[in-house]
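Below is one structure, written out as structure tokens, with a few remarks after it.
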Amino acid sequence: MVLTGYWRDDMPAALRADVLADWCDELEDWPVESIKAALRKHRRENPNRKPNPGHIVALLKEAWGKRNAPVVAAALAAPVEAPKERVSDEARRAIMAEIGLRDPFAVNKMPRSEAAE
């Protein structure tokens, strides 16, 4: 039945019902207006060919991709981080002193011996 996606006028009623059910299963996730637009597009571009559900789904996906490409591209792009606020040297020293830590960037001055002078 799946290979009978192309309907014919002389189909038995049971087979026609199965084909229509297959079409419905394939297209159920798409809005009716989008399906109508895809069917019209197929008819305009392929006037001598009857579509099957795969043709219409391909047209629907193509249209969805074109319509939503900017949104998808934005979602896939790396997030832009806000610039980080730099702490001034003075604020860093105050924070270190407040929590009781030695400033690792402080310059250690050795007491000068009188002999070295």
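Ligands are numbered from 1 in the order shown, chains are lettered A, B, ... in the order of the structure tokens, and residues start at 1 in each chain.
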With only C-alpha atoms as the counted atoms, please give the residues lying no more than 8 Å from Leu60 (chain A), apart from itself and same-chain residues fewer than 6 positions off, as a list of chain:residue names. A:Trp30, A:Ser34, A:Ile35, A:Ala38
Any chance you could list, as a PyMOL selection string, the residues in region 10-107 of chain A that come up alpha helix (DSSP H) when DSSP is run on the backbone? chain A and resi 13-27+32-45+53-76+89-98
Please compute the CA of Ile56 (chain A)-CA of Glu26 (chain A) distance, one decimal, in Å.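 Interatomic distance here is 9.2 Å.
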Dump as a tab-separated table the rows for residues of region 46-104 of chain A within 12 Å of region 7-23 of chain A: closest atom pair and distance in Å with one decimal, only C-alpha atoms counted, ordered by chain and rising residue number.
```
residue	atom	partner	partner_atom	distance
A:Arg49	CA	A:Trp7	CA	11.5
A:Lys50	CA	A:Trp7	CA	8.2
A:Pro51	CA	A:Trp7	CA	9.1
A:Asn52	CA	A:Trp23	CA	7.8
A:Pro53	CA	A:Trp23	CA	5.6
A:Gly54	CA	A:Trp23	CA	9.1
A:His55	CA	A:Trp23	CA	11.0
A:Ile56	CA	A:Trp23	CA	9.6
A:Val57	CA	A:Trp23	CA	10.0
```
Kindly save the residues from that selection, with N, CA and C atoms included, as an mmCIF file, in the first residue's frame.
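Final output, out_6.cif:
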```cif
data_model
loop_
_atom_site.group_PDB
_atom_site.id
_atom_site.type_symbol
_atom_site.label_atom_id
_atom_site.label_comp_id
_atom_site.auth_asym_id
_atom_site.auth_seq_id
_atom_site.Cartn_x
_atom_site.Cartn_y
_atom_site.Cartn_z
ATOM 1 N N ARG A 49 2.656 15.421 -13.445
ATOM 2 C CA ARG A 49 2.988 14.378 -12.454
ATOM 3 C C ARG A 49 2.079 14.477 -11.250
ATOM 4 N N LYS A 50 1.545 13.362 -10.834
ATOM 5 C CA LYS A 50 0.773 13.325 -9.586
ATOM 6 C C LYS A 50 1.763 13.233 -8.434
ATOM 7 N N PRO A 51 1.535 13.985 -7.357
ATOM 8 C CA PRO A 51 2.458 13.911 -6.218
ATOM 9 C C PRO A 51 2.157 12.706 -5.339
ATOM 10 N N ASN A 52 3.142 12.335 -4.570
ATOM 11 C CA ASN A 52 2.891 11.393 -3.477
ATOM 12 C C ASN A 52 3.227 12.153 -2.191
ATOM 13 N N PRO A 53 2.968 11.594 -1.037
ATOM 14 C CA PRO A 53 3.209 12.340 0.206
ATOM 15 C C PRO A 53 4.652 12.827 0.354
ATOM 16 N N GLY A 54 5.593 12.043 -0.153
ATOM 17 C CA GLY A 54 7.002 12.445 -0.051
ATOM 18 C C GLY A 54 7.295 13.729 -0.807
ATOM 19 N N HIS A 55 6.682 13.921 -1.972
ATOM 20 C CA HIS A 55 6.872 15.155 -2.730
ATOM 21 C C HIS A 55 6.380 16.357 -1.923
ATOM 22 N N ILE A 56 5.222 16.193 -1.322
ATOM 23 C CA ILE A 56 4.609 17.315 -0.598
ATOM 24 C C ILE A 56 5.384 17.609 0.686
ATOM 25 N N VAL A 57 5.799 16.578 1.398
ATOM 26 C CA VAL A 57 6.598 16.790 2.614
ATOM 27 C C VAL A 57 7.908 17.505 2.261
#
```
May I ask for the distance between CA of Trp64 (chain A) and CA of Glu45 (chain A), given in Å to one decimal place?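 Between these atoms lies a distance of 18.3 Å.
Put simply, CA of Gly100 (chain A) is 23.1 Å away from CA of Glu85 (chain A).
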